[in-house]
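Asks: My structure is in structure23.txt, and what it holds is compact mmCIF, C-alpha atoms:
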```
# COMPACT_ATOMS: atom_id res chain seq x y z
CA VAL L 186 82.11 6.65 206.32
CA VAL L 187 84.88 4.13 205.60
CA ALA L 188 88.49 5.02 206.46
CA GLY L 189 90.82 3.25 204.02
CA SER L 190 90.46 1.95 200.47
CA GLY L 191 92.54 -1.21 200.63
CA PRO L 192 91.00 -4.67 200.14
CA SER L 193 89.09 -4.47 203.42
CA GLY L 194 87.79 -0.94 202.94
CA LEU L 195 86.66 -1.44 199.34
CA HIS L 196 84.95 -4.76 200.06
CA LEU L 197 83.13 -3.22 203.02
CA ALA L 198 82.13 -0.04 201.15
CA LEU L 199 80.79 -2.11 198.26
CA ALA L 200 78.84 -4.45 200.55
CA LEU L 201 77.24 -1.53 202.40
CA ALA L 202 76.43 0.43 199.23
CA GLU L 203 74.86 -2.60 197.55
CA ARG L 204 72.43 -2.64 200.47
CA ARG L 205 71.43 0.93 199.65
CA LEU L 206 73.45 2.72 202.32
CA GLN L 207 75.18 5.98 201.40
CA VAL L 208 78.95 5.40 201.68
CA THR L 209 81.94 7.76 201.54
CA VAL L 210 85.50 6.38 201.54
CA TYR L 211 88.39 8.47 202.87
CA GLU L 212 91.82 7.58 201.49
CA PRO L 213 94.76 10.03 201.40
CA ALA L 214 96.85 7.97 198.94
CA HIS L 215 96.31 7.93 195.19
CA CYS L 216 95.60 4.23 195.43
CA GLY L 217 94.95 2.70 198.82
CA GLY L 218 95.85 -0.75 199.96
CA LEU L 219 98.89 -2.93 200.24
CA ARG L 220 102.09 -2.38 198.31
CA ILE L 221 102.31 -6.11 197.58
CA PRO L 222 101.47 -6.58 193.87
CA LEU L 223 100.38 -10.21 194.18
CA MET L 224 98.28 -11.84 196.90
CA HIS L 225 96.56 -15.17 197.36
CA ALA L 226 93.21 -16.36 198.68
CA CYS L 227 92.17 -19.73 200.12
CA ASN L 228 95.63 -21.23 199.63
CA ILE L 229 96.53 -22.22 203.19
CA PRO L 230 94.47 -24.87 205.03
CA LYS L 231 93.18 -24.09 208.52
CA ARG L 232 91.13 -27.14 209.23
CA GLY L 233 90.32 -26.23 212.82
CA SER L 234 88.93 -22.77 212.10
CA THR L 235 85.23 -22.49 211.31
CA LEU L 236 85.79 -18.83 210.44
CA TRP L 237 88.45 -19.79 207.89
CA GLN L 238 86.28 -22.50 206.36
CA ALA L 239 83.30 -20.15 206.01
CA ALA L 240 85.50 -17.40 204.55
CA CYS L 241 87.00 -19.79 201.99
CA MET L 242 83.59 -21.06 200.93
CA PHE L 243 82.36 -17.51 200.36
CA ALA L 244 85.61 -16.34 198.71
CA ARG L 245 85.63 -19.21 196.20
CA SER L 246 82.22 -18.11 195.01
CA TRP L 247 83.21 -14.43 195.03
CA TYR L 248 86.38 -14.83 192.96
CA ALA L 249 84.58 -16.94 190.35
CA GLN L 250 82.81 -13.80 189.10
CA GLU L 251 83.48 -12.98 185.46
CA MET L 252 84.06 -9.28 186.15
CA LEU L 253 87.10 -10.15 188.30
CA ARG L 254 88.72 -12.38 185.66
CA PRO L 255 91.44 -9.93 184.51
CA ALA L 256 92.79 -9.66 188.05
CA VAL L 257 92.14 -13.17 189.37
CA GLU L 258 93.71 -16.48 188.36
CA LYS L 259 92.17 -19.72 189.60
CA HIS L 260 94.24 -22.75 190.58
CA HIS L 261 93.52 -26.11 192.12
CA GLY L 262 95.61 -27.68 194.85
CA PRO L 263 95.41 -30.48 197.38
CA PHE L 264 93.16 -28.37 199.62
CA GLY L 265 90.76 -27.17 196.93
CA ASP L 266 90.55 -24.12 194.67
CA PHE L 267 92.73 -21.12 195.46
CA PHE L 268 93.41 -17.85 193.66
CA SER L 269 96.29 -15.60 192.66
CA ILE L 270 95.14 -11.98 192.77
CA HIS L 271 96.95 -9.12 191.03
CA THR L 272 96.31 -6.55 193.73
CA ARG L 273 96.45 -3.26 191.83
CA THR L 274 94.20 -4.45 189.01
CA TYR L 275 91.82 -6.04 191.48
CA LEU L 276 91.51 -2.89 193.62
CA ARG L 277 90.89 -0.83 190.48
CA LEU L 278 88.03 -3.16 189.49
CA LEU L 279 86.54 -2.98 192.99
CA ARG L 280 86.78 0.79 192.96
CA GLN L 281 84.98 0.98 189.60
CA ARG L 282 82.26 -1.32 190.90
CA ALA L 283 81.92 0.80 194.04
CA PHE L 284 81.58 3.94 191.90
CA SER L 285 78.81 2.25 189.92
CA VAL L 286 76.70 1.75 193.06
CA GLY L 287 77.20 5.29 194.34
CA VAL L 288 80.21 5.11 196.66
CA GLN L 289 81.97 8.46 196.95
CA PHE L 290 85.74 8.82 197.44
CA VAL L 291 87.55 11.63 199.25
CA ARG L 292 91.32 11.84 198.89
CA GLU L 293 92.27 12.81 202.43
CA SER L 294 92.62 11.27 205.87
CA ILE L 295 89.63 11.00 208.12
CA THR L 296 89.71 13.53 210.97
CA ASP L 297 86.11 14.08 211.99
CA HIS L 298 83.31 11.72 211.08
CA ALA L 299 80.61 14.13 212.28
CA ASP L 300 77.21 12.44 212.42
CA SER L 301 78.05 9.40 210.29
CA PRO L 302 78.99 5.97 211.63
CA LEU L 303 82.70 5.37 211.00
CA PHE L 304 84.19 2.08 209.81
CA LEU L 305 87.94 1.82 210.36
CA ALA L 306 89.35 -0.26 207.52
CA THR L 307 92.99 0.73 208.04
CA GLY L 308 95.41 1.05 210.93
CA ALA L 309 97.15 4.08 209.43
CA GLY L 310 96.04 7.61 210.21
CA THR L 311 92.99 6.63 212.26
CA LYS L 312 94.27 6.76 215.83
CA ALA L 313 92.86 10.27 216.26
CA VAL L 314 89.32 8.88 216.25
CA VAL L 315 90.01 5.93 218.57
CA ARG L 316 91.45 6.88 221.94
CA GLY L 317 92.42 5.08 225.08
CA PRO L 318 93.19 1.38 225.44
CA TRP L 319 90.99 0.50 222.45
CA SER L 320 93.57 2.02 220.14
CA ALA L 321 95.65 -1.13 220.79
CA ALA L 322 93.55 -2.84 218.12
CA LEU L 323 95.09 -0.47 215.56
CA VAL L 324 98.74 -0.87 216.56
CA PRO L 325 100.63 -2.61 213.75
CA LEU L 326 102.98 -5.44 214.57
CA PRO L 327 106.54 -4.65 213.46
CA GLY L 328 107.08 -6.88 210.47
CA PHE L 329 109.07 -7.34 207.31
CA GLN L 330 108.21 -8.78 203.94
CA SER L 331 110.80 -9.38 201.24
CA TYR L 332 109.50 -9.08 197.70
CA PHE L 333 111.49 -10.53 194.80
CA SER L 334 111.44 -10.11 191.06
CA LEU L 335 112.59 -13.33 189.41
CA CYS L 336 114.00 -13.74 185.91
CA ALA L 337 115.54 -16.45 183.76
CA THR L 338 119.02 -15.71 185.11
CA SER L 339 117.96 -15.74 188.76
CA PRO L 340 119.84 -18.20 190.99
CA PRO L 341 117.88 -21.16 192.36
CA VAL L 342 115.65 -20.38 195.31
CA ASN L 343 116.92 -21.82 198.57
CA ALA L 344 113.74 -23.82 199.17
CA ALA L 345 115.05 -25.53 202.30
CA LEU L 346 115.79 -22.14 203.86
CA ALA L 347 112.38 -20.80 202.86
CA LYS L 348 110.68 -23.70 204.63
CA SER L 349 112.94 -23.66 207.68
CA ASP L 350 110.16 -22.30 209.89
CA ILE L 351 106.54 -23.34 209.42
CA ARG L 352 105.30 -20.02 210.80
CA THR L 353 106.57 -18.13 207.77
CA ASN L 354 104.91 -17.74 204.40
CA TYR L 355 106.81 -18.04 201.14
CA PHE L 356 105.16 -18.10 197.75
CA THR L 357 106.12 -17.80 194.10
CA HIS L 358 104.03 -17.04 191.05
CA ARG L 359 105.54 -16.80 187.60
CA ASN L 360 108.27 -14.16 187.89
CA ARG L 361 107.44 -13.02 191.41
CA ALA L 362 108.15 -14.30 194.87
CA ALA L 363 107.60 -13.03 198.39
CA PHE L 364 108.64 -14.04 201.87
CA ILE L 365 106.98 -12.93 205.10
CA HIS L 366 109.45 -12.96 207.96
CA LEU L 367 108.55 -13.90 211.50
CA ASN L 368 107.05 -11.06 213.53
CA GLY L 369 109.73 -9.54 215.71
CA THR L 370 112.58 -10.38 213.34
CA PRO L 371 115.16 -7.52 213.50
CA ARG L 372 115.72 -5.56 210.29
CA LEU L 373 119.29 -6.77 209.71
CA ALA L 374 118.32 -10.40 210.35
CA ALA L 375 115.44 -10.10 207.86
CA GLN L 376 117.76 -8.53 205.30
CA ASP L 377 120.38 -11.27 205.74
CA PHE L 378 117.71 -13.96 205.40
CA ALA L 379 116.34 -12.35 202.23
CA GLU L 380 119.79 -12.12 200.65
CA ALA L 381 120.45 -15.79 201.46
CA LEU L 382 117.10 -16.73 199.93
CA HIS L 383 117.63 -14.78 196.68
CA PRO L 384 121.30 -13.71 196.58
CA THR L 385 121.04 -11.26 193.67
CA GLU L 386 117.34 -10.65 193.08
CA ARG L 387 116.10 -9.01 196.25
CA SER L 388 114.36 -5.96 194.81
CA MET L 389 112.69 -4.58 197.93
CA LEU L 390 112.28 -5.12 201.66
CA PHE L 391 109.07 -3.76 203.14
CA HIS L 392 109.11 -2.58 206.74
CA GLY L 393 106.41 -1.69 209.24
CA ILE L 394 103.55 -3.46 207.49
CA ARG L 395 100.66 -4.67 209.60
CA LEU L 396 101.14 -8.31 208.67
CA THR L 397 98.65 -9.62 211.20
CA THR L 398 97.13 -9.00 214.59
CA ARG L 399 98.70 -10.56 217.65
CA ASP L 400 96.24 -13.46 217.57
CA ARG L 401 96.22 -13.71 213.75
CA LEU L 402 92.51 -12.94 213.49
CA PRO L 403 90.78 -9.86 212.04
CA VAL L 404 89.42 -7.04 214.20
CA VAL L 405 85.71 -6.67 213.49
CA GLY L 406 83.24 -5.05 215.85
CA PHE L 407 82.23 -2.05 217.90
CA SER L 408 84.46 0.14 220.00
CA PRO L 409 83.14 0.74 223.51
CA ALA L 410 80.50 3.21 224.53
CA GLU L 411 78.05 3.77 227.32
CA ASN L 412 75.37 2.07 225.24
CA VAL L 413 77.57 -0.98 224.52
CA ALA L 414 78.33 -2.15 228.04
CA ASN L 415 78.94 -5.79 227.18
CA PHE L 416 78.60 -8.37 224.44
CA GLU L 417 75.03 -9.20 225.43
CA THR L 418 74.07 -5.73 224.21
CA VAL L 419 75.58 -6.46 220.80
CA ARG L 420 74.09 -9.96 220.70
CA SER L 421 70.63 -8.62 221.49
CA ALA L 422 70.96 -5.95 218.79
CA VAL L 423 71.94 -8.57 216.20
CA LEU L 424 69.04 -10.86 217.15
CA GLN L 425 66.58 -7.98 216.92
CA GLY L 426 68.06 -6.54 213.72
CA GLN L 427 69.06 -3.32 215.50
CA CYS L 428 72.83 -3.19 214.92
CA TRP L 429 72.49 -0.10 212.77
CA GLN L 430 70.69 1.78 215.51
CA LEU L 431 73.39 0.70 217.94
CA LEU L 432 76.14 1.95 215.64
CA GLN L 433 74.45 5.33 215.16
CA ALA L 434 74.79 6.07 218.87
CA LYS L 435 78.14 7.33 220.20
CA PRO L 436 80.98 6.63 219.57
CA LYS L 437 79.89 5.55 216.07
CA VAL L 438 83.11 3.62 215.46
CA PHE L 439 83.28 0.11 214.01
CA PHE L 440 86.52 -1.81 213.51
CA PHE L 441 87.05 -3.64 210.23
CA THR L 442 90.80 -4.13 210.02
CA GLY L 443 93.69 -6.45 210.85
CA MET L 444 93.03 -8.83 207.95
CA GLY L 445 96.78 -9.26 207.43
CA PHE L 446 98.24 -11.77 205.00
CA HIS L 447 94.81 -13.39 204.57
CA ALA L 448 93.01 -10.17 203.61
CA MET L 449 91.88 -11.52 200.25
CA THR L 450 90.25 -14.52 201.92
CA TYR L 451 88.66 -12.78 204.90
CA SER L 452 87.60 -9.41 203.42
CA PRO L 453 84.82 -10.47 200.98
CA PHE L 454 83.23 -12.79 203.54
CA LEU L 455 83.42 -10.46 206.54
CA ALA L 456 82.23 -7.45 204.52
CA ASP L 457 79.17 -9.40 203.44
CA ARG L 458 78.44 -10.59 206.99
CA VAL L 459 78.92 -7.16 208.57
CA ALA L 460 76.65 -5.52 205.99
CA LYS L 461 73.99 -8.18 206.63
CA CYS L 462 74.26 -7.81 210.41
CA LEU L 463 73.86 -4.04 210.18
CA THR L 464 70.77 -4.38 208.00
CA GLY L 465 69.16 -7.11 210.10
CA MET L 466 69.71 -9.90 207.57
CA ALA L 467 72.24 -12.15 209.32
CA MET L 468 70.87 -13.15 212.69
CA GLN L 469 72.40 -16.59 212.29
CA ASP L 470 75.81 -14.91 212.69
CA GLU L 471 75.12 -13.49 216.13
CA ILE L 472 78.46 -14.76 217.49
CA LEU L 473 80.60 -13.27 214.71
CA LEU L 474 80.96 -9.78 216.15
CA GLY L 475 81.79 -11.21 219.57
CA ALA L 476 84.45 -13.59 218.23
CA LEU L 477 86.40 -10.85 216.46
CA THR L 478 85.73 -7.90 218.77
CA PRO L 479 88.57 -5.45 219.53
CA ALA L 480 87.82 -6.04 223.24
CA ARG L 481 90.10 -9.08 223.14
CA PHE L 482 93.12 -6.75 223.03
CA LEU L 483 92.29 -4.91 226.26
CA PRO L 484 94.47 -7.18 228.49
```
Would you encode the structure as structure tokens?
Replies:
Amino acid sequence: VVAGSGPSGLHLALALAERRLQVTVYEPAHCGGLRIPLMHACNIPKRGSTLWQAACMFARSWYAQEMLRPAVEKHHGPFGDFFSIHTRTYLRLLRQRAFSVGVQFVRESITDHADSPLFLATGAGTKAVVRGPWSAALVPLPGFQSYFSLCATSPPVNAALAKSDIRTNYFTHRNRAAFIHLNGTPRLAAQDFAEALHPTERSMLFHGIRLTTRDRLPVVGFSPAENVANFETVRSAVLQGQCWQLLQAKPKVFFFTGMGFHAMTYSPFLADRVAKCLTGMAMQDEILLGALTPARFLP
């Protein structure tokens, strides 16, 4: 069972189903996923991150697929190929592909996952199945994103203001632009900044989005249980190809969330690696589950 049909949930469901596992996706909304109509992949260099480099290498191959062409535009920049992804079209294509390999969809929130292993691919509406301090991995950071619709009569973008803090992300594509404000920015300050950036074309200000985790890395891995006392247990299961057996024991919960602004880069790669780990095909990635485990949020 996968909770959530955004980019993370659909990539994971597809990767699991393509390895002949029976998958059901729970999503209460008509169309799951982010409200941002345009996202990017592989467009920001992170030279010191081996995870980022591996994800980009996989994503560049993934987005080159012909079937994704209507939703994906390829560009080339100083740091290599990157992609503009029209989110709604892309999610529709992924959903169709998931249907074709047998994934079932249920339009409601997950409440009881019964005897099936549960993969949490969203932070919304899933706290009921993760209790105690481990629920901290699902707490969204308060955050704002301003989304703009540009036209020929739009005033010039205040580029200097947009680049005034290197921790922010600002991007434009054709007639669209978006700005991710610093985490912790008050609502009024974010609104004032957006109006200064685009004085007359601010069409929407999103609030409460899970922009990123507190350490800006995804949350991928098991929640605790009596049979998962420490990371050595997980490592041993990966080496012996027994992750699936480990997941089938209580509490049957696996985190696959917190992809944030880089969801389109991380999700295809991590979905592929998780599916391989659970089917005993990726023993070379024994450290992956430990590096991204939700346990890092316990302090």
Asks: My list of candidates is L:Ile221, L:Asp377, L:Arg280, L:Asp300. Which is closest to Phe333 of chain L when distances are computed with all atoms listed in the file?
Replies: L:Ile221
Asks: Hey, can you check how far atom CA of Lys231 of chain L sits from atom CA of Arg458 of chain L?
Replies: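 Distance reported for this atom pair: 20.0 Å.
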Asks: When you count only C-alpha atoms, which of these residues is closest to Gly465 of chain L: L:Leu424, L:Thr450, L:Asp400, L:Thr307?
Replies: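 Among L:Leu424, L:Thr450, L:Asp400, L:Thr307, it is L:Leu424 that comes nearest to Gly465 of chain L.
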Asks: Enter the distance from atom CA of Gly217 of chain L to atom CA of Ala188 of chain L, in Å, rounded to one decimal.
Replies: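 Separating atom CA of Gly217 of chain L from atom CA of Ala188 of chain L is a distance of 10.3 Å.
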Asks: Which one is closest to Gln430 of chain L: L:Pro302, L:Gly369, L:Pro384, L:Pro327? Count all atoms listed in the file.
Replies: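 With all atoms listed in the file as the atom set, the closest residue is L:Pro302.
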Asks: Counting only C-alpha atoms, figure out which residue out of L:Asn228, L:Thr357, L:Gln425, L:Thr397 gets nearest to Ala244 of chain L.
Replies: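 Looking only at the distances to Ala244 of chain L, the closest residue turns out to be L:Asn228.
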Asks: Complete the atoms of segment 399-410 of chain L to all heavy atoms and put them out as a compact mmCIF listing (two decimals), in the frame of the given file.
Replies:
```
# COMPACT_ATOMS: atom_id res chain seq x y z
N ARG L 399 97.92 -9.71 216.75
CA ARG L 399 98.70 -10.56 217.65
C ARG L 399 98.11 -11.95 217.79
O ARG L 399 98.80 -12.88 218.16
CB ARG L 399 98.82 -9.86 219.01
CG ARG L 399 99.77 -8.67 218.96
CD ARG L 399 99.80 -7.94 220.27
NE ARG L 399 98.59 -7.19 220.54
CZ ARG L 399 98.23 -6.07 219.93
NH1 ARG L 399 99.01 -5.58 218.97
NH2 ARG L 399 97.12 -5.45 220.23
N ASP L 400 96.81 -12.11 217.52
CA ASP L 400 96.24 -13.46 217.57
C ASP L 400 95.89 -13.98 216.19
O ASP L 400 95.20 -14.98 216.04
CB ASP L 400 95.00 -13.49 218.48
CG ASP L 400 93.90 -12.56 217.99
OD1 ASP L 400 94.06 -11.96 216.91
OD2 ASP L 400 92.88 -12.45 218.69
N ARG L 401 96.37 -13.29 215.14
CA ARG L 401 96.22 -13.71 213.75
C ARG L 401 94.76 -13.81 213.30
O ARG L 401 94.42 -14.60 212.43
CB ARG L 401 96.96 -15.04 213.51
CG ARG L 401 98.45 -14.92 213.71
CD ARG L 401 99.17 -16.23 213.48
NE ARG L 401 100.61 -16.06 213.65
CZ ARG L 401 101.45 -15.71 212.68
NH1 ARG L 401 101.00 -15.51 211.47
NH2 ARG L 401 102.74 -15.58 212.93
N LEU L 402 93.90 -13.03 213.91
CA LEU L 402 92.51 -12.94 213.49
C LEU L 402 92.16 -11.49 213.19
O LEU L 402 92.78 -10.57 213.73
CB LEU L 402 91.58 -13.47 214.58
CG LEU L 402 91.54 -14.99 214.78
CD1 LEU L 402 90.71 -15.33 216.01
CD2 LEU L 402 90.98 -15.68 213.55
N PRO L 403 91.18 -11.23 212.33
CA PRO L 403 90.78 -9.86 212.04
C PRO L 403 90.20 -9.15 213.27
O PRO L 403 89.87 -9.78 214.28
CB PRO L 403 89.71 -10.02 210.96
CG PRO L 403 89.94 -11.38 210.38
CD PRO L 403 90.46 -12.22 211.50
N VAL L 404 90.08 -7.84 213.17
CA VAL L 404 89.42 -7.04 214.20
C VAL L 404 88.13 -6.51 213.60
O VAL L 404 88.14 -5.66 212.72
CB VAL L 404 90.31 -5.85 214.64
CG1 VAL L 404 89.64 -5.08 215.76
CG2 VAL L 404 91.68 -6.34 215.09
N VAL L 405 87.01 -7.05 214.04
CA VAL L 405 85.71 -6.67 213.49
C VAL L 405 84.75 -6.47 214.66
O VAL L 405 84.52 -7.38 215.43
CB VAL L 405 85.16 -7.77 212.55
CG1 VAL L 405 83.76 -7.39 212.05
CG2 VAL L 405 86.09 -7.97 211.37
N GLY L 406 84.21 -5.27 214.79
CA GLY L 406 83.24 -5.05 215.85
C GLY L 406 83.26 -3.64 216.37
O GLY L 406 84.02 -2.79 215.92
N PHE L 407 82.41 -3.37 217.35
CA PHE L 407 82.23 -2.05 217.90
C PHE L 407 83.35 -1.68 218.85
O PHE L 407 83.89 -2.52 219.56
CB PHE L 407 80.91 -1.97 218.68
CG PHE L 407 79.69 -2.13 217.84
CD1 PHE L 407 79.17 -3.39 217.57
CD2 PHE L 407 79.05 -1.03 217.30
CE1 PHE L 407 78.04 -3.54 216.80
CE2 PHE L 407 77.93 -1.17 216.52
CZ PHE L 407 77.42 -2.43 216.27
N SER L 408 83.66 -0.38 218.91
CA SER L 408 84.46 0.14 220.00
C SER L 408 83.51 0.43 221.16
O SER L 408 82.30 0.48 220.97
CB SER L 408 85.22 1.40 219.57
OG SER L 408 84.30 2.41 219.23
N PRO L 409 84.02 0.64 222.34
CA PRO L 409 83.14 0.74 223.51
C PRO L 409 82.38 2.06 223.57
O PRO L 409 82.78 3.06 223.02
CB PRO L 409 84.11 0.63 224.69
CG PRO L 409 85.37 1.24 224.15
CD PRO L 409 85.42 0.83 222.71
N ALA L 410 81.28 2.01 224.27
CA ALA L 410 80.50 3.21 224.53
C ALA L 410 79.57 2.92 225.69
O ALA L 410 79.40 1.78 226.11
CB ALA L 410 79.69 3.61 223.30
```
